[in-house]
Amino acid sequence: MPPVAMQSLAQILTDHADAVRSAWITAVADELRGRTSRGELEREQADIFDALVEGLQRGGERIGDEPFDQLRGILSDVSSARARLGFTPRETAVGVFALKEGLYGLSAQGVTTDVTPLLRLVDELGLFTFESFAAAREAIIVEQSEQLLELSTPVVKIWEGVVAVPLVGTLDSARTQVVMETLLNTLVETGSAHAIIDITGVPAVDTQVAQHLLKTVVAARLMGAECTISGIRPQIAQTIVALGIEFGDIRTRATLADALVDALRSDRRTAATVLA
Amino acid sequence: MTTATLERLAVSTDADVVRVRQAVRTFAQQARLSLVDQTKFVTAASELARNMLVYGGGGDVEVEVVSDGRRTGVRAAFADEGPGIPDLDLALTDGWTSGGGLGLGLSGSRRLVGQFSIDTAPGAGTRVEIATWSR
Ligand SMILES: Nc1ncnc2c1ncn2[C@@H]1O[C@H](COP(=O)(O)OP(=O)(O)O)[C@@H](O)[C@H]1O
Ligand SMILES: [Mg+2]
């Protein structure tokens, strides 16, 4: 049995809710200036505050106690949201630790009760927030590296003088850029004169992807190589046309196989011209 | 008009744009759009989400399946609190870009969807709403 019943501390918090919360929010707002809106902070703190009081009323003493189930839920939601938004661990934990500012002010409010158990509890809440934040960050990193793996696209030499890259999945800017650079490098390394970019596996081509494709084709040409884009499916073709993207004189073929046949043929033509 | 489902997504990174595309694709399928209309709608969403990210400093997307009793459709709204678009006619001109883009995102999106509306003013952010109905 703790010296001060947690229920009576709940009562103190309720009685001085306004003073505690305003000191708390001021401390947090100072720290997070510009990172989040005051309204957002207020909503978040109201949730945390209410869950804390309720947990205390129901006899909770330590963060792990059942009456604080809801509070822990709220804190881990806030932490993972912060992790996703790129907040630092400090910026995340301060939101909880700053509640102490409100508690320190209680004696000035005429409260004589020893609030040490509450301060200790806030420490636990802060550490819990820290841990949830770290776990959320971990999860995000795992998720991102999985995406990277799934996204890594092989550039392969499919024939003497011909390299091909099958683009698969949803393309974002960073990835398209990487693929295109890899393609250009492989052209040089293998001394190839033809590159085929197959987009059969791409669900949508927007102007950014198109721009990357166009730039790659131009760059390849500057290097003396010819690019063919294959696998433009009907729905993609219609979308590209409606968007107003012009592929100009870029060679396109229905399938990768067609593109390859074509590349080999033009090689033979070049060879024939040279011989003639 | 009754709403079947709704999802809100925040856009502040490149990866978020990918997520928007995936979510919008799911909704467009639920709304039973043809494959061509799905692809067009998803592509428009990609353009608008990226504009929000690049020019609006990020924002929020709201996507839902809508129904008027006879047909279903997909509706998406893109709202940012960025600088707004000072000259909308210019911004909607094919090939015009203030950055280094193709300048076809806004004008092209308008051609890709059934309904398209923009609400913007300098300093007041930008809100674009698009919808396509099943045939
Ligand atoms: N959400 C937005 N906020 C502010 N300006 C925008 C926004 N969306 C588009 N614009 C302006 O409209 C122009 C045209 O957009 P768009 O057609 O998508 O072409 P691009 O993105 O290639 O520049 C942009 O260059 C930008 O100046
Ligand atoms: Mg754009």
# chains A, B, ... in the order shown; residues from 1 in each chain; ligands from 1
$ residues_near_ligand --ligand "ligand 1" --cutoff "9 Å" --atoms "only C-alpha atoms and all ligand atoms" --output "MDAnalysis selection string"
(chainID A and resid 207:208) or (chainID B and resid 47:59 78:88 90:109 120 122 125:128)
$ residues_around --residues "A:Asp172" --least-positions-apart "3" --cutoff "9 Å" --atoms "only C-alpha atoms" --output "list in words"
Arg175, Thr176, Gln177, Gln208 and Val209 of chain A; Asp14, Ala15, Val17 and Val18 of chain B
$ write_last_selection --atoms "N, CA, C and O atoms" --output "tab-separated table (two decimals), in the first residue's frame"
chain	number	residue	atom	x	y	z
A	175	ARG	N	13.47	5.22	-56.61
A	175	ARG	CA	13.73	3.93	-57.20
A	175	ARG	C	13.90	4.04	-58.71
A	175	ARG	O	14.81	3.45	-59.29
A	176	THR	N	13.02	4.79	-59.35
A	176	THR	CA	13.13	4.94	-60.79
A	176	THR	C	14.50	5.49	-61.15
A	176	THR	O	15.17	5.02	-62.08
A	177	GLN	N	14.93	6.47	-60.38
A	177	GLN	CA	16.24	7.08	-60.59
A	177	GLN	C	17.36	6.04	-60.50
A	177	GLN	O	18.21	5.96	-61.38
A	208	GLN	N	6.04	11.65	-63.69
A	208	GLN	CA	7.38	11.56	-63.14
A	208	GLN	C	8.13	10.33	-63.66
A	208	GLN	O	9.29	10.42	-64.05
A	209	VAL	N	7.43	9.21	-63.68
A	209	VAL	CA	8.04	8.00	-64.23
A	209	VAL	C	8.37	8.24	-65.70
A	209	VAL	O	9.46	7.90	-66.18
B	14	ASP	N	7.89	10.65	-50.38
B	14	ASP	CA	7.74	9.93	-51.63
B	14	ASP	C	6.98	8.61	-51.42
B	14	ASP	O	6.12	8.23	-52.20
B	15	ALA	N	7.34	7.93	-50.33
B	15	ALA	CA	6.72	6.64	-50.02
B	15	ALA	C	5.21	6.82	-49.79
B	15	ALA	O	4.41	5.94	-50.11
B	17	VAL	N	3.33	8.85	-51.35
B	17	VAL	CA	2.69	8.95	-52.67
B	17	VAL	C	2.40	7.54	-53.19
B	17	VAL	O	1.33	7.28	-53.74
B	18	VAL	N	3.36	6.64	-52.97
B	18	VAL	CA	3.16	5.25	-53.38
B	18	VAL	C	1.97	4.66	-52.63
B	18	VAL	O	1.11	3.99	-53.21
$ closest_residue --among "A:Val53, A:Ala83, A:Leu127, A:Ala242" --to "B:Lys40" --atoms "only C-alpha atoms"
A:Ala242
$ interface_residues --of "chain A" --to "chain B" --cutoff "6 Å" --atoms "only C-alpha atoms" --output "list in words"
Asp206, Gln235, Thr239 and Leu243 of chain A
$ select_by_dssp --residues "stretch 47-276 of chain A" --states "helix (DSSP H, G or I)" --output "ChimeraX atom specification"
/A:47-57,66-84,89-97,99-104,107-109,116-151,173-190,207-222,234-243,256-275
$ residues_around --residues "A:Leu118" --least-positions-apart "2" --cutoff "9 Å" --atoms "only C-alpha atoms" --output "compact mmCIF listing (two decimals) with all heavy atoms, in the first residue's frame"
# COMPACT_ATOMS: atom_id res chain seq x y z
N MET A 6 -3.50 6.23 -4.70
CA MET A 6 -3.48 6.78 -6.05
C MET A 6 -4.79 7.50 -6.35
O MET A 6 -4.81 8.50 -7.06
CB MET A 6 -3.23 5.67 -7.07
CG MET A 6 -1.83 5.05 -6.99
SD MET A 6 -0.50 6.23 -6.79
CE MET A 6 0.37 6.13 -8.35
N LEU A 9 -4.64 11.03 -5.53
CA LEU A 9 -3.84 11.79 -6.49
C LEU A 9 -4.67 12.09 -7.74
O LEU A 9 -4.54 13.16 -8.35
CB LEU A 9 -2.57 11.01 -6.86
CG LEU A 9 -1.56 10.86 -5.72
CD1 LEU A 9 -0.42 9.93 -6.12
CD2 LEU A 9 -1.02 12.23 -5.31
N GLU A 61 -1.13 1.82 -10.22
CA GLU A 61 0.04 2.42 -9.57
C GLU A 61 1.24 2.48 -10.49
O GLU A 61 1.95 3.46 -10.56
CB GLU A 61 0.42 1.61 -8.33
CG GLU A 61 -0.50 1.80 -7.16
CD GLU A 61 -0.10 0.88 -6.01
OE1 GLU A 61 1.11 0.58 -5.90
OE2 GLU A 61 -0.99 0.46 -5.27
N LYS A 100 5.45 16.78 -15.89
CA LYS A 100 6.05 17.08 -14.59
C LYS A 100 5.99 18.58 -14.29
O LYS A 100 5.84 18.97 -13.13
CB LYS A 100 7.51 16.63 -14.55
CG LYS A 100 7.67 15.14 -14.42
CD LYS A 100 9.14 14.84 -14.27
CE LYS A 100 9.37 13.42 -13.81
NZ LYS A 100 10.81 13.18 -13.59
N LEU A 103 3.02 19.17 -12.56
CA LEU A 103 2.98 18.60 -11.21
C LEU A 103 3.81 19.45 -10.23
O LEU A 103 3.41 19.67 -9.09
CB LEU A 103 3.50 17.17 -11.21
CG LEU A 103 2.71 16.19 -12.10
CD1 LEU A 103 3.31 14.80 -12.04
CD2 LEU A 103 1.23 16.15 -11.71
N ASP A 114 1.96 14.77 -0.92
CA ASP A 114 3.20 14.37 -1.59
C ASP A 114 2.87 13.73 -2.94
O ASP A 114 2.22 12.69 -2.99
CB ASP A 114 3.95 13.38 -0.69
CG ASP A 114 5.22 12.86 -1.35
OD1 ASP A 114 5.68 13.48 -2.34
OD2 ASP A 114 5.74 11.83 -0.89
N VAL A 115 3.30 14.37 -4.01
CA VAL A 115 2.96 13.85 -5.33
C VAL A 115 4.08 13.01 -5.94
O VAL A 115 4.05 12.69 -7.12
CB VAL A 115 2.57 14.98 -6.32
CG1 VAL A 115 1.32 15.69 -5.84
CG2 VAL A 115 3.71 15.96 -6.51
N THR A 116 5.06 12.64 -5.11
CA THR A 116 6.18 11.83 -5.62
C THR A 116 5.72 10.60 -6.41
O THR A 116 6.28 10.32 -7.48
CB THR A 116 7.11 11.39 -4.47
OG1 THR A 116 7.31 12.50 -3.61
CG2 THR A 116 8.42 10.88 -5.00
N ARG A 120 6.97 9.72 -10.21
CA ARG A 120 7.59 8.45 -10.56
C ARG A 120 6.83 7.81 -11.73
O ARG A 120 7.41 7.29 -12.67
CB ARG A 120 7.56 7.52 -9.34
CG ARG A 120 8.65 6.48 -9.37
CD ARG A 120 8.68 5.69 -8.07
NE ARG A 120 9.08 6.47 -6.91
CZ ARG A 120 8.49 6.39 -5.71
NH1 ARG A 120 7.46 5.59 -5.53
NH2 ARG A 120 8.91 7.12 -4.70
N LEU A 121 5.51 7.91 -11.64
CA LEU A 121 4.68 7.33 -12.69
C LEU A 121 4.94 8.03 -14.03
O LEU A 121 5.05 7.38 -15.07
CB LEU A 121 3.20 7.45 -12.32
CG LEU A 121 2.20 6.86 -13.31
CD1 LEU A 121 2.44 5.36 -13.50
CD2 LEU A 121 0.76 7.08 -12.83
N VAL A 122 5.08 9.36 -13.98
CA VAL A 122 5.36 10.09 -15.23
C VAL A 122 6.68 9.62 -15.84
O VAL A 122 6.79 9.47 -17.06
CB VAL A 122 5.38 11.62 -14.99
CG1 VAL A 122 5.85 12.35 -16.25
CG2 VAL A 122 4.01 12.11 -14.58
N ASP A 123 7.68 9.36 -14.97
CA ASP A 123 8.94 8.83 -15.48
C ASP A 123 8.71 7.53 -16.23
O ASP A 123 9.25 7.30 -17.31
CB ASP A 123 9.93 8.57 -14.34
CG ASP A 123 10.61 9.86 -13.91
OD1 ASP A 123 10.69 10.78 -14.75
OD2 ASP A 123 11.07 9.95 -12.76
$ residues_around --residues "stretch 191-202 of chain A" --least-positions-apart "4" --cutoff "6 Å" --atoms "only C-alpha atoms" --output "list of chain:residue names"
A:Gly161, A:Val162, A:Val163, A:Ala164, A:Val165, A:Pro166, A:Leu167, A:Val168, A:Gly169, A:Leu187, A:Ala225, A:Glu226, A:Cys227, A:Thr228, A:Ile229, A:Ser230, A:Gly231
$ atom_distance --atom1 "atom CA of A:Leu256" --atom2 "atom CA of A:Val155"
13.5 Å
$ residues_around --residues "A:Asp69" --least-positions-apart "3" --cutoff "10 Å" --atoms "only C-alpha atoms" --output "number ranges by chain"
A: 51-52, 55, 60, 63-66, 72-74
$ residues_around --residues "A:Ser76" --least-positions-apart "3" --cutoff "8 Å" --atoms "only C-alpha atoms" --output "PyMOL selection string"
chain A and resi 72-73+79-80+129+132-133
$ atom_distance --atom1 "atom CA of A:Glu101" --atom2 "atom CA of A:Val20"
7.7 Å
$ residues_around --residues "stretch 23-32 of chain A" --least-positions-apart "4" --cutoff "8 Å" --atoms "only C-alpha atoms" --output "PyMOL selection string"
chain A and resi 19+36+38+41-42+45+91+94-95+98-102+105
